[in-house]
file start_10.txt (compact mmCIF, C-alpha atoms and all ligand atoms)
# COMPACT_ATOMS: atom_id res chain seq x y z
CA MET O 1 17.89 17.78 -24.81
CA GLU O 2 18.62 14.30 -23.61
CA ASN O 3 15.74 11.90 -24.05
CA PHE O 4 14.13 11.08 -20.75
CA VAL O 5 13.88 7.35 -20.21
CA VAL O 6 11.51 6.33 -17.44
CA SER O 7 13.29 4.62 -14.57
CA ALA O 8 11.25 1.45 -14.90
CA ARG O 9 12.81 0.91 -18.33
CA LYS O 10 16.20 2.34 -17.64
CA TYR O 11 16.64 0.17 -14.58
CA ARG O 12 15.14 -3.09 -15.80
CA PRO O 13 17.52 -5.69 -14.33
CA GLN O 14 19.65 -7.55 -16.84
CA GLU O 15 20.84 -10.21 -14.42
CA PHE O 16 19.13 -12.40 -11.85
CA ASP O 17 21.22 -11.00 -9.03
CA THR O 18 19.92 -7.49 -9.60
CA VAL O 19 16.28 -8.57 -9.45
CA VAL O 20 14.91 -7.27 -6.16
CA GLY O 21 13.03 -9.38 -3.65
CA GLN O 22 12.44 -12.53 -5.71
CA SER O 23 15.46 -14.57 -4.72
CA HIS O 24 13.29 -17.63 -4.07
CA ILE O 25 12.64 -17.59 -7.80
CA THR O 26 15.89 -16.33 -9.27
CA ASP O 27 17.95 -18.79 -7.20
CA THR O 28 15.79 -21.70 -8.31
CA LEU O 29 15.95 -20.67 -11.94
CA GLU O 30 19.67 -20.15 -11.84
CA HIS O 31 20.12 -23.56 -10.27
CA ALA O 32 17.79 -25.21 -12.78
CA ILE O 33 19.75 -23.74 -15.69
CA GLU O 34 23.01 -24.83 -14.10
CA GLU O 35 21.79 -28.40 -13.59
CA ASN O 36 19.89 -28.66 -16.87
CA GLN O 37 16.70 -29.24 -14.97
CA LEU O 38 14.63 -26.54 -16.48
CA ALA O 39 11.11 -27.51 -17.43
CA GLN O 40 9.96 -26.75 -20.95
CA ALA O 41 6.93 -24.88 -19.76
CA LEU O 42 7.08 -22.39 -16.93
CA LEU O 43 4.36 -20.24 -15.52
CA PHE O 44 5.31 -16.98 -13.84
CA CYS O 45 2.45 -15.65 -11.78
CA GLY O 46 2.09 -12.84 -9.29
CA PRO O 47 0.99 -9.24 -8.92
CA ARG O 48 1.79 -6.65 -11.55
CA GLY O 49 5.11 -4.91 -11.72
CA VAL O 50 7.14 -7.34 -9.61
CA GLY O 51 9.53 -8.71 -12.23
CA LYS O 52 7.79 -11.47 -14.18
CA THR O 53 8.57 -10.19 -17.66
CA THR O 54 12.00 -9.10 -16.49
CA CYS O 55 12.85 -12.59 -15.20
CA ALA O 56 11.41 -14.23 -18.31
CA ARG O 57 13.76 -12.17 -20.46
CA ILE O 58 16.80 -12.82 -18.30
CA LEU O 59 16.01 -16.52 -18.29
CA ALA O 60 15.57 -16.56 -22.06
CA ARG O 61 18.97 -15.01 -22.50
CA LYS O 62 20.71 -17.19 -19.91
CA ILE O 63 19.53 -20.44 -21.41
CA ASN O 64 21.23 -19.67 -24.68
CA GLU O 65 24.23 -18.08 -23.03
CA LYS O 66 24.90 -21.32 -21.23
CA ASP O 67 24.92 -23.06 -24.55
CA GLY O 68 27.84 -20.88 -25.58
CA THR O 69 26.00 -18.60 -27.94
CA THR O 70 27.52 -15.24 -27.33
CA SER O 71 26.26 -12.99 -30.06
CA GLU O 72 23.69 -10.55 -28.73
CA ASP O 73 21.81 -10.76 -32.01
CA GLY O 74 21.70 -14.51 -31.76
CA PHE O 75 19.73 -14.28 -28.52
CA ALA O 76 17.39 -11.71 -29.86
CA TYR O 77 16.44 -14.05 -32.70
CA ASN O 78 15.73 -16.83 -30.29
CA ILE O 79 13.39 -14.93 -28.04
CA PHE O 80 9.81 -14.50 -29.12
CA GLU O 81 7.44 -12.40 -27.13
CA LEU O 82 3.74 -12.56 -27.59
CA ASP O 83 1.53 -10.21 -25.69
CA ALA O 84 -1.61 -12.22 -25.23
CA ALA O 85 -3.50 -9.11 -24.15
CA SER O 86 -3.52 -7.86 -27.71
CA ASN O 87 -2.91 -11.12 -29.62
CA ASN O 88 -5.37 -13.49 -28.09
CA SER O 89 -7.01 -15.19 -31.06
CA VAL O 90 -6.61 -18.78 -32.25
CA ASP O 91 -4.82 -17.46 -35.32
CA ASP O 92 -2.23 -15.66 -33.23
CA ILE O 93 -1.50 -18.88 -31.37
CA ARG O 94 -1.47 -20.94 -34.57
CA GLY O 95 1.07 -18.51 -36.01
CA LEU O 96 3.21 -19.09 -32.97
CA ILE O 97 2.79 -22.86 -33.02
CA ASP O 98 3.91 -22.95 -36.65
CA GLN O 99 7.14 -21.23 -35.79
CA VAL O 100 7.82 -23.48 -32.83
CA ARG O 101 8.53 -26.47 -35.04
CA TYR O 102 11.67 -25.04 -36.56
CA ALA O 103 14.92 -25.41 -34.69
CA PRO O 104 16.79 -22.20 -33.93
CA GLN O 105 19.52 -21.07 -36.33
CA VAL O 106 21.83 -19.85 -33.59
CA GLY O 107 21.95 -21.32 -30.11
CA LYS O 108 20.10 -24.27 -28.76
CA TYR O 109 16.77 -22.94 -27.58
CA LYS O 110 13.93 -20.88 -28.83
CA VAL O 111 12.21 -19.22 -25.95
CA TYR O 112 8.61 -18.11 -26.18
CA ILE O 113 7.40 -15.59 -23.68
CA ILE O 114 3.65 -15.33 -23.61
CA ASP O 115 2.73 -12.38 -21.47
CA GLU O 116 -0.70 -11.90 -19.89
CA VAL O 117 -1.48 -15.47 -20.87
CA HIS O 118 -4.82 -15.40 -19.03
CA MET O 119 -6.10 -13.17 -21.84
CA LEU O 120 -5.96 -15.92 -24.45
CA SER O 121 -9.36 -16.95 -25.75
CA SER O 122 -10.45 -20.43 -24.77
CA GLN O 123 -9.97 -21.68 -28.34
CA ALA O 124 -6.50 -20.22 -28.33
CA PHE O 125 -5.80 -21.99 -25.04
CA ASN O 126 -6.95 -25.27 -26.52
CA ALA O 127 -4.89 -24.85 -29.66
CA PHE O 128 -1.91 -24.22 -27.46
CA LEU O 129 -2.39 -27.25 -25.23
CA LYS O 130 -1.01 -29.84 -27.59
CA THR O 131 2.17 -27.91 -28.21
CA LEU O 132 2.58 -27.39 -24.53
CA GLU O 133 2.16 -31.10 -23.92
CA GLU O 134 4.79 -32.21 -26.37
CA PRO O 135 6.98 -29.29 -27.22
CA PRO O 136 9.96 -29.85 -29.53
CA LYS O 137 13.23 -30.20 -27.61
CA HIS O 138 14.43 -26.76 -28.57
CA ALA O 139 11.34 -24.92 -27.35
CA ILE O 140 10.84 -23.38 -23.94
CA PHE O 141 7.66 -21.59 -22.99
CA ILE O 142 7.45 -18.98 -20.33
CA LEU O 143 3.91 -17.96 -19.60
CA ALA O 144 3.31 -14.93 -17.43
CA THR O 145 0.13 -13.84 -15.74
CA THR O 146 -1.25 -11.72 -12.95
CA GLU O 147 -4.32 -13.93 -12.78
CA LYS O 148 -3.37 -17.49 -12.13
CA HIS O 149 -6.95 -18.43 -11.24
CA LYS O 150 -7.98 -17.72 -14.83
CA ILE O 151 -5.61 -20.30 -16.25
CA ILE O 152 -7.31 -23.58 -17.02
CA PRO O 153 -6.13 -26.56 -14.95
CA THR O 154 -4.97 -28.47 -18.03
CA ILE O 155 -2.43 -25.71 -18.69
CA LEU O 156 -1.49 -25.31 -15.03
CA SER O 157 -0.74 -29.00 -14.69
CA ARG O 158 1.68 -28.86 -17.62
CA CYS O 159 3.74 -26.00 -16.24
CA GLN O 160 6.31 -25.57 -13.55
CA ILE O 161 4.80 -22.77 -11.48
CA TYR O 162 6.73 -19.84 -10.03
CA ASP O 163 4.88 -17.53 -7.69
CA PHE O 164 6.28 -14.01 -7.62
CA LYS O 165 5.76 -12.00 -4.46
CA ARG O 166 4.92 -8.41 -3.71
CA ILE O 167 8.14 -6.68 -2.88
CA ALA O 168 8.81 -5.61 0.71
CA ILE O 169 8.73 -1.89 1.48
CA GLU O 170 12.35 -1.86 2.67
CA ASP O 171 13.53 -3.61 -0.48
CA ILE O 172 11.76 -1.07 -2.66
CA GLN O 173 13.10 1.80 -0.59
CA ASN O 174 16.60 0.44 -0.93
CA HIS O 175 16.24 0.13 -4.69
CA LEU O 176 14.95 3.71 -4.96
CA ARG O 177 17.89 4.92 -2.92
CA LYS O 178 20.35 3.43 -5.38
CA ILE O 179 18.55 4.95 -8.35
CA ALA O 180 18.27 8.35 -6.68
CA ASP O 181 22.01 8.31 -6.01
CA LYS O 182 22.78 7.38 -9.60
CA GLU O 183 20.48 10.07 -10.93
CA ASN O 184 21.73 12.72 -8.51
CA ILE O 185 18.31 13.18 -7.01
CA LYS O 186 18.22 14.51 -3.47
CA TYR O 187 15.81 12.79 -1.14
CA GLU O 188 14.72 12.36 2.42
CA ASP O 189 14.85 8.71 3.26
CA ASP O 190 11.37 8.71 4.74
CA ALA O 191 10.00 10.10 1.48
CA LEU O 192 11.34 7.03 -0.32
CA TYR O 193 9.70 4.91 2.34
CA LEU O 194 6.40 6.64 1.68
CA ILE O 195 6.70 6.02 -2.06
CA ALA O 196 7.51 2.37 -1.42
CA GLN O 197 4.52 2.07 0.87
CA LYS O 198 2.22 3.68 -1.65
CA ALA O 199 3.42 1.32 -4.39
CA ASP O 200 1.90 -1.58 -2.49
CA GLY O 201 4.55 -4.11 -3.42
CA ALA O 202 4.85 -3.24 -7.11
CA LEU O 203 8.31 -2.04 -8.00
CA ARG O 204 7.20 -0.65 -11.32
CA ASP O 205 4.61 1.55 -9.58
CA ALA O 206 7.25 2.72 -7.12
CA LEU O 207 9.53 3.74 -9.97
CA SER O 208 6.85 5.67 -11.77
CA ILE O 209 5.79 7.50 -8.60
CA PHE O 210 9.46 8.21 -8.00
CA ASP O 211 9.88 9.68 -11.51
CA ARG O 212 6.82 11.83 -11.05
CA LEU O 213 8.04 13.19 -7.74
CA ALA O 214 11.55 13.79 -9.03
CA THR O 215 10.10 15.93 -11.80
CA PHE O 216 7.63 17.83 -9.63
CA THR O 217 10.15 18.53 -6.92
CA GLN O 218 13.00 19.39 -9.26
CA LYS O 219 15.05 16.50 -7.99
CA ASN O 220 14.64 17.19 -4.31
CA ILE O 221 12.16 14.75 -2.82
CA THR O 222 11.26 15.64 0.75
CA LEU O 223 8.76 13.82 2.93
CA ALA O 224 6.51 16.86 3.01
CA ASN O 225 6.32 17.37 -0.75
CA ALA O 226 6.01 13.63 -1.40
CA ALA O 227 3.08 13.47 1.02
CA GLU O 228 1.47 16.48 -0.58
CA ILE O 229 1.79 15.23 -4.14
CA LEU O 230 0.71 11.71 -3.24
CA ASN O 231 -2.18 13.18 -1.34
CA VAL O 232 -1.38 11.34 1.84
CA LEU O 233 -1.19 13.00 5.20
CA ASP O 234 2.34 13.32 6.26
CA TYR O 235 3.18 11.76 9.62
CA ASP O 236 3.92 15.17 11.04
CA GLN O 237 0.26 16.10 10.71
CA TYR O 238 -0.77 13.09 12.75
CA LEU O 239 1.94 13.86 15.29
CA LYS O 240 0.53 17.35 15.58
CA ILE O 241 -3.07 16.18 15.98
CA ALA O 242 -2.01 13.68 18.64
CA GLU O 243 -0.07 16.41 20.41
CA LEU O 244 -3.15 18.66 20.49
CA ALA O 245 -5.27 15.79 21.77
CA TYR O 246 -2.71 15.25 24.51
CA ASP O 247 -2.88 18.94 25.42
CA ASN O 248 -6.69 18.75 25.48
CA ASP O 249 -6.82 21.60 23.02
CA ILE O 250 -10.24 21.15 21.40
CA PRO O 251 -10.43 24.49 19.52
CA LYS O 252 -7.01 24.01 17.95
CA ILE O 253 -7.57 20.39 17.02
CA LEU O 254 -10.81 21.28 15.25
CA SER O 255 -9.16 24.05 13.34
CA VAL O 256 -6.23 21.87 12.24
CA PHE O 257 -8.76 19.27 11.10
CA ASN O 258 -10.56 21.98 9.16
CA ASP O 259 -7.31 22.90 7.39
CA ILE O 260 -6.76 19.27 6.47
CA ILE O 261 -10.25 18.94 5.02
CA ASN O 262 -9.78 22.17 3.08
CA LYS O 263 -6.75 20.69 1.42
CA GLY O 264 -9.03 18.06 -0.02
CA PHE O 265 -8.26 15.13 2.24
CA ASP O 266 -10.90 12.53 2.77
CA SER O 267 -12.03 12.68 6.38
CA GLN O 268 -12.59 8.95 6.66
CA ILE O 269 -9.08 8.25 5.49
CA PHE O 270 -7.97 10.84 8.00
CA ILE O 271 -9.66 9.22 10.98
CA ALA O 272 -8.52 5.74 9.96
CA GLY O 273 -5.00 7.12 9.58
CA LEU O 274 -5.21 8.72 13.00
CA GLY O 275 -6.21 5.35 14.45
CA SER O 276 -3.10 3.84 12.84
CA HIS O 277 -1.05 6.64 14.30
CA PHE O 278 -2.18 5.80 17.85
CA ARG O 279 -1.54 2.16 17.09
CA ASN O 280 1.97 3.13 16.01
CA LEU O 281 2.48 5.03 19.27
CA MET O 282 1.45 1.91 21.15
CA LEU O 283 3.84 -0.25 19.11
CA SER O 284 6.62 2.26 19.66
CA GLN O 285 6.42 1.76 23.41
CA ASN O 286 7.99 -1.66 23.30
CA PRO O 287 11.17 -2.71 21.47
CA ALA O 288 9.50 -6.04 20.69
CA THR O 289 6.83 -4.34 18.58
CA LEU O 290 8.84 -1.45 17.17
CA HIS O 291 9.48 -3.28 13.89
CA LEU O 292 5.74 -3.59 13.24
CA ILE O 293 5.50 0.14 12.55
CA GLU O 294 5.45 0.75 8.83
CA VAL O 295 7.18 4.11 8.53
CA GLY O 296 10.65 5.35 7.75
CA GLU O 297 13.31 5.33 10.46
CA ASN O 298 13.24 9.05 11.09
CA SER O 299 9.48 9.15 11.63
CA LYS O 300 9.76 6.04 13.77
CA SER O 301 11.93 7.85 16.28
CA LYS O 302 9.46 10.74 16.41
CA PHE O 303 6.70 8.21 17.15
CA ALA O 304 8.77 6.65 19.90
CA GLU O 305 9.27 10.04 21.47
CA GLN O 306 5.60 10.94 21.36
CA GLY O 307 4.63 7.43 22.46
CA LYS O 308 6.47 7.88 25.76
CA LYS O 309 4.01 10.52 26.90
CA TRP O 310 0.93 8.34 26.65
CA THR O 311 -0.03 5.50 28.94
CA PRO O 312 -1.05 2.24 27.26
CA GLN O 313 -4.57 2.66 28.64
CA GLN O 314 -4.85 6.13 27.09
CA LEU O 315 -3.69 4.77 23.77
CA VAL O 316 -6.19 1.92 23.84
CA THR O 317 -8.94 4.47 24.44
CA ALA O 318 -7.64 6.65 21.60
CA ILE O 319 -7.51 3.72 19.18
CA GLU O 320 -11.04 2.71 20.17
CA ILE O 321 -12.35 6.23 19.61
CA CYS O 322 -10.84 6.38 16.11
CA SER O 323 -11.99 2.90 15.23
CA GLN O 324 -15.53 3.64 16.40
CA ALA O 325 -15.64 6.83 14.33
CA ASP O 326 -14.42 4.91 11.31
CA ILE O 327 -17.19 2.36 11.79
CA ASN O 328 -19.88 5.02 12.31
CA TYR O 329 -18.66 7.11 9.42
CA LYS O 330 -20.53 5.39 6.59
CA ASN O 331 -23.89 5.47 8.37
CA SER O 332 -23.62 9.00 9.56
CA LYS O 333 -25.69 11.76 7.98
CA ASN O 334 -22.99 14.17 9.01
CA PRO O 335 -19.71 12.31 8.70
CA ARG O 336 -17.65 15.38 9.33
CA LEU O 337 -19.31 15.74 12.72
CA THR O 338 -18.57 12.08 13.42
CA VAL O 339 -14.88 12.80 13.00
CA GLU O 340 -15.10 16.00 15.01
CA ILE O 341 -16.76 14.19 17.89
CA ALA O 342 -13.94 11.70 17.83
CA LEU O 343 -11.39 14.52 17.94
CA MET O 344 -13.18 16.08 20.92
CA GLN O 345 -13.24 12.74 22.69
CA LEU O 346 -9.55 12.29 21.97
CA SER O 347 -8.89 15.70 23.45
CA SER O 348 -10.74 14.69 26.60
CA ILE O 349 -8.78 11.60 27.50
CA THR O 350 -7.85 11.87 31.16
CA ALA O 351 -4.88 10.61 33.11
CA ASP O 352 -6.70 7.38 33.97
CA GLY O 353 -7.15 6.67 30.27
CA LYS O 354 -10.87 7.33 30.01
CA SER O 355 -12.36 9.93 27.75
CA SER O 356 -14.36 12.37 29.87
CA ALA O 357 -16.23 13.58 26.78
CA LYS O 358 -17.12 10.04 25.87
CA LYS O 359 -18.28 9.20 29.38
CA LYS O 360 -20.53 12.22 29.50
CA SER O 361 -21.98 11.54 26.09
CA LEU O 362 -22.91 8.04 27.19
CA GLU O 363 -24.59 9.14 30.39
N1 LIG N 1 11.83 -7.55 -8.75
C1 LIG N 1 12.24 -6.48 -9.43
N2 LIG N 1 13.52 -6.04 -9.32
C2 LIG N 1 13.96 -4.95 -9.98
N3 LIG N 1 13.19 -4.21 -10.80
C3 LIG N 1 11.90 -4.58 -10.95
C4 LIG N 1 11.38 -5.73 -10.28
N4 LIG N 1 10.08 -5.85 -10.60
C5 LIG N 1 9.80 -4.84 -11.41
N5 LIG N 1 10.88 -4.07 -11.63
C6 LIG N 1 10.91 -2.84 -12.43
O1 LIG N 1 9.63 -2.65 -12.99
C7 LIG N 1 9.65 -2.78 -14.40
C8 LIG N 1 8.51 -3.69 -14.82
O2 LIG N 1 8.73 -5.00 -14.37
P1 LIG N 1 8.15 -6.27 -15.15
O3 LIG N 1 7.78 -5.90 -16.53
O4 LIG N 1 9.13 -7.37 -14.99
O5 LIG N 1 6.88 -6.55 -14.29
P2 LIG N 1 5.79 -7.71 -14.48
O6 LIG N 1 5.79 -8.51 -13.23
O7 LIG N 1 5.99 -8.41 -15.76
O8 LIG N 1 4.47 -6.83 -14.50
P3 LIG N 1 3.09 -7.05 -15.32
O9 LIG N 1 2.32 -8.09 -14.57
O10 LIG N 1 2.41 -5.73 -15.23
O11 LIG N 1 3.45 -7.46 -16.70
C9 LIG N 1 11.02 -3.33 -14.75
O12 LIG N 1 11.48 -2.77 -15.94
C10 LIG N 1 11.88 -2.92 -13.59
O13 LIG N 1 12.39 -1.63 -13.79
MG MG N 2 4.89 -8.35 -17.55
call {"tool": "encode", "arguments": {"input": "start_10.txt", "output": "structure tokens"}}
result
Amino acid sequence: MENFVVSARKYRPQEFDTVVGQSHITDTLEHAIEENQLAQALLFCGPRGVGKTTCARILARKINEKDGTTSEDGFAYNIFELDAASNNSVDDIRGLIDQVRYAPQVGKYKVYIIDEVHMLSSQAFNAFLKTLEEPPKHAIFILATTEKHKIIPTILSRCQIYDFKRIAIEDIQNHLRKIADKENIKYEDDALYLIAQKADGALRDALSIFDRLATFTQKNITLANAAEILNVLDYDQYLKIAELAYDNDIPKILSVFNDIINKGFDSQIFIAGLGSHFRNLMLSQNPATLHLIEVGENSKSKFAEQGKKWTPQQLVTAIEICSQADINYKNSKNPRLTVEIALMQLSSITADGKSSAKKKSLE
């Protein structure tokens, strides 16, 4: 059997132009290498899984490539990686500092990548400072961290700082599409959108969710099975609930809610999600706000269709009802009832946009 390589490793970019969503950084780095303006100490910071280590490695290779060193082995010798999470003592840093003094055998630069640099002990930081202040000409340091605020100012002030960003949902979705095509994995586009959304800006997380889903679904990732495995309510469920509310069908809406709870969904997440759904319907009513809806294209058109039925006033009322239930939820002795009341109120919204159930309950 072929060895399975996780996508995050298999698809680690080897060139700056294949790094997704960080062009503000890759362009600058490329330019700096080109113009020989690269600082000797760089700090890569930003959330996890967005390409810091990847860019550090590409940079390390490029610097020596420019110098004309072509042997793959030559580069490998010139790149030193220290994972500060597991090597954070003064001795580890001293070991590194000792090596720094010697010029490289092949190529012009020795590149030191210190990952998770915020994990260094304070003595280790101090030992490192002097080297960072006056590094030998052939040494370049790339420090990477997810926690910039933990880096002492004396280090910060000696580094050129590069802030990596969370990666946009569409960019992640696009990247997943390419990988799915290469791997012959069937997918619904909105399922990839959901994965991207769930990854919260981290491409590595998106790739590992993607791998998991590809395995579970035997290489056929649909929106419904992605939603089920990720334990998120699929948009269709919200569409259905909203439809029942529109039809004023209280018995049915309560029973659908019961099914949802029985599947193990958290009812507070449900009611907050339903609020977002009504918000999405509102946004779908106007082309100027359509782009604010964070769902895949296919679901977006379903929202637009459902959105047409509701008046803006009805939607405002619906959003308020959901939001109020979300607020009341934590203090309620019977949170399930809190959500059910909201569903009944939603199912009692009249043509003039008021909720008859709500009005009565207030009287
Ligand atoms: N911007 C990106 N473009 C393309 N692939 C990416 C990007 N960011 C992350 N990846 C994918 O995720 C994997 C992990 O990325 P990387 O190690 O560079 O993240 P990191 O920012 O160093 O994260 P950490 O803070 O956890 O160390 C890569 O091998 C690659 O497959
Ligand atoms: Mg890293």
call {"tool": "closest_residue", "arguments": {"input": "start_10.txt", "among": "O:Lys309, O:Ala325, O:Pro335, O:Gln285", "to": "O:Asp266", "atoms": "all atoms listed in the file"}}
result
O:Pro335
call {"tool": "axis_aligned_box", "arguments": {"input": "start_10.txt", "around": "stretch 293-311 of chain O", "padding_each_side": "4 Å", "output": "lines of an AutoDock Vina configuration file"}}
result
center_x = 6.6
center_y = 5.5
center_z = 18.3
size_x = 21.3
size_y = 18.8
size_z = 29.2
call {"tool": "closest_atom_pairs", "arguments": {"input": "start_10.txt", "of": "chain O", "to": "ligand MG 2 (chain N)", "cutoff": "12 Å", "atoms": "only C-alpha atoms and all ligand atoms", "output": "tab-separated table"}}
result
residue	atom	partner	partner_atom	distance
O:Ala8	CA	N:MG2	MG	12.0
O:Arg12	CA	N:MG2	MG	11.7
O:Phe44	CA	N:MG2	MG	9.4
O:Cys45	CA	N:MG2	MG	9.6
O:Gly46	CA	N:MG2	MG	9.8
O:Pro47	CA	N:MG2	MG	9.5
O:Arg48	CA	N:MG2	MG	7.0
O:Gly49	CA	N:MG2	MG	6.8
O:Val50	CA	N:MG2	MG	8.3
O:Gly51	CA	N:MG2	MG	7.1
O:Lys52	CA	N:MG2	MG	5.4
O:Thr53	CA	N:MG2	MG	4.1
O:Thr54	CA	N:MG2	MG	7.2
O:Cys55	CA	N:MG2	MG	9.3
O:Ala56	CA	N:MG2	MG	8.8
O:Arg57	CA	N:MG2	MG	10.1
O:Glu81	CA	N:MG2	MG	10.7
O:Leu82	CA	N:MG2	MG	10.9
O:Asp83	CA	N:MG2	MG	9.0
O:Ala84	CA	N:MG2	MG	10.8
O:Ala85	CA	N:MG2	MG	10.7
O:Ile113	CA	N:MG2	MG	9.8
O:Ile114	CA	N:MG2	MG	9.3
O:Asp115	CA	N:MG2	MG	6.0
O:Glu116	CA	N:MG2	MG	7.0
O:Val117	CA	N:MG2	MG	10.1
O:Ile142	CA	N:MG2	MG	11.3
O:Leu143	CA	N:MG2	MG	9.9
O:Ala144	CA	N:MG2	MG	6.8
O:Thr145	CA	N:MG2	MG	7.5
O:Thr146	CA	N:MG2	MG	8.4
O:Glu147	CA	N:MG2	MG	11.8
O:Phe164	CA	N:MG2	MG	11.5
O:Ala202	CA	N:MG2	MG	11.6
O:Leu203	CA	N:MG2	MG	11.9
O:Arg204	CA	N:MG2	MG	10.2
call {"tool": "atom_distance", "arguments": {"input": "start_10.txt", "atom1": "atom CA of O:His138", "atom2": "atom CA of O:Leu96"}}
result
14.3 Å
call {"tool": "closest_residue", "arguments": {"input": "start_10.txt", "among": "O:Ala124, O:Leu207, O:Ile140, O:Ile250", "to": "ligand LIG 1 (chain N)", "atoms": "all atoms listed in the file"}}
result
O:Leu207
call {"tool": "atom_distance", "arguments": {"input": "start_10.txt", "atom1": "atom CA of O:Ala39", "atom2": "atom CA of O:Glu134"}}
result
11.9 Å
call {"tool": "closest_residue", "arguments": {"input": "start_10.txt", "among": "O:Asn331, O:Ser208, O:Asn258, O:Thr289", "to": "ligand LIG 1 (chain N)", "atoms": "all atoms listed in the file"}}
result
O:Ser208
call {"tool": "atom_distance", "arguments": {"input": "start_10.txt", "atom1": "atom CA of O:Ala199", "atom2": "atom CA of O:Ala224"}}
result
17.5 Å
call {"tool": "closest_residue", "arguments": {"input": "start_10.txt", "among": "O:Ile167, O:Ile79, O:Ala318, O:Ile293", "to": "O:Lys62", "atoms": "only C-alpha atoms"}}
result
O:Ile79
call {"tool": "residues_around", "arguments": {"input": "start_10.txt", "residues": "O:Leu223", "least_positions_apart": "4", "cutoff": "8 Å", "atoms": "all atoms listed in the file", "output": "number ranges by chain"}}
result
O: 188-192, 194, 227, 234
call {"tool": "closest_atom_pairs", "arguments": {"input": "start_10.txt", "of": "stretch 57-137 of chain O", "to": "stretch 151-157 of chain O", "cutoff": "12 Å", "atoms": "all atoms listed in the file", "output": "tab-separated table"}}
result
residue	atom	partner	partner_atom	distance
O:Glu116	CA	O:Ile151	CA	10.4
O:Val117	CA	O:Ile151	CA	7.9
O:His118	CA	O:Ile151	CA	5.7
O:Met119	CA	O:Ile151	CA	9.1
O:Leu120	CA	O:Ile151	CA	9.3
O:Ser121	CA	O:Ile151	CA	10.7
O:Ser122	CA	O:Ile152	CA	8.9
O:Gln123	CA	O:Ile152	CA	11.8
O:Ala124	CA	O:Ile155	CA	11.8
O:Phe125	CA	O:Ile155	CA	8.1
O:Asn126	CA	O:Ile155	CA	9.1
O:Ala127	CA	O:Ile155	CA	11.3
O:Phe128	CA	O:Ile155	CA	8.9
O:Leu129	CA	O:Ile155	CA	6.7
O:Lys130	CA	O:Ile155	CA	9.9
O:Thr131	CA	O:Ile155	CA	10.8
O:Leu132	CA	O:Ile155	CA	7.9
O:Glu133	CA	O:Ile155	CA	8.8
call {"tool": "closest_residue", "arguments": {"input": "start_10.txt", "among": "O:Ile172, O:Ile58, O:Leu244, O:Val20", "to": "ligand LIG 1 (chain N)", "atoms": "only C-alpha atoms and all ligand atoms"}}
result
O:Val20
call {"tool": "closest_residue", "arguments": {"input": "start_10.txt", "among": "O:Gln306, O:Gln173, O:Gln105, O:Ser89", "to": "ligand LIG 1 (chain N)", "atoms": "all atoms listed in the file"}}
result
O:Gln173
call {"tool": "residues_around", "arguments": {"input": "start_10.txt", "residues": "O:Tyr187", "least_positions_apart": "2", "cutoff": "10 Å", "atoms": "all atoms listed in the file", "output": "PDB file with C-alpha atoms, keeping the file's coordinate frame"}}
result
ATOM      1  CA  LEU O 176      14.950   3.710  -4.960  1.00  0.00           C
ATOM      2  CA  ARG O 177      17.890   4.920  -2.920  1.00  0.00           C
ATOM      3  CA  ALA O 180      18.270   8.350  -6.680  1.00  0.00           C
ATOM      4  CA  ASP O 181      22.010   8.310  -6.010  1.00  0.00           C
ATOM      5  CA  ASN O 184      21.730  12.720  -8.510  1.00  0.00           C
ATOM      6  CA  ILE O 185      18.310  13.180  -7.010  1.00  0.00           C
ATOM      7  CA  ASP O 189      14.850   8.710   3.260  1.00  0.00           C
ATOM      8  CA  ASP O 190      11.370   8.710   4.740  1.00  0.00           C
ATOM      9  CA  ALA O 191      10.000  10.100   1.480  1.00  0.00           C
ATOM     10  CA  LEU O 192      11.340   7.030  -0.320  1.00  0.00           C
ATOM     11  CA  ALA O 214      11.550  13.790  -9.030  1.00  0.00           C
ATOM     12  CA  THR O 217      10.150  18.530  -6.920  1.00  0.00           C
ATOM     13  CA  LYS O 219      15.050  16.500  -7.990  1.00  0.00           C
ATOM     14  CA  ASN O 220      14.640  17.190  -4.310  1.00  0.00           C
ATOM     15  CA  ILE O 221      12.160  14.750  -2.820  1.00  0.00           C
ATOM     16  CA  THR O 222      11.260  15.640   0.750  1.00  0.00           C
ATOM     17  CA  LEU O 223       8.760  13.820   2.930  1.00  0.00           C
ATOM     18  CA  ALA O 226       6.010  13.630  -1.400  1.00  0.00           C
TER      19      ALA O 226
END
call {"tool": "residues_around", "arguments": {"input": "start_10.txt", "residues": "O:Leu292", "least_positions_apart": "3", "cutoff": "9 Å", "atoms": "only C-alpha atoms", "output": "JSON, numbers by chain"}}
result
{"O": [280, 283, 284, 288, 289]}
call {"tool": "residues_near_point", "arguments": {"input": "start_10.txt", "point": "(-4.9, 15.4, 16.4)", "cutoff": "8 Å", "atoms": "only C-alpha atoms", "output": "JSON, numbers by chain"}}
result
{"O": [237, 238, 239, 240, 241, 242, 243, 244, 245, 253, 256, 257, 274, 343, 346]}
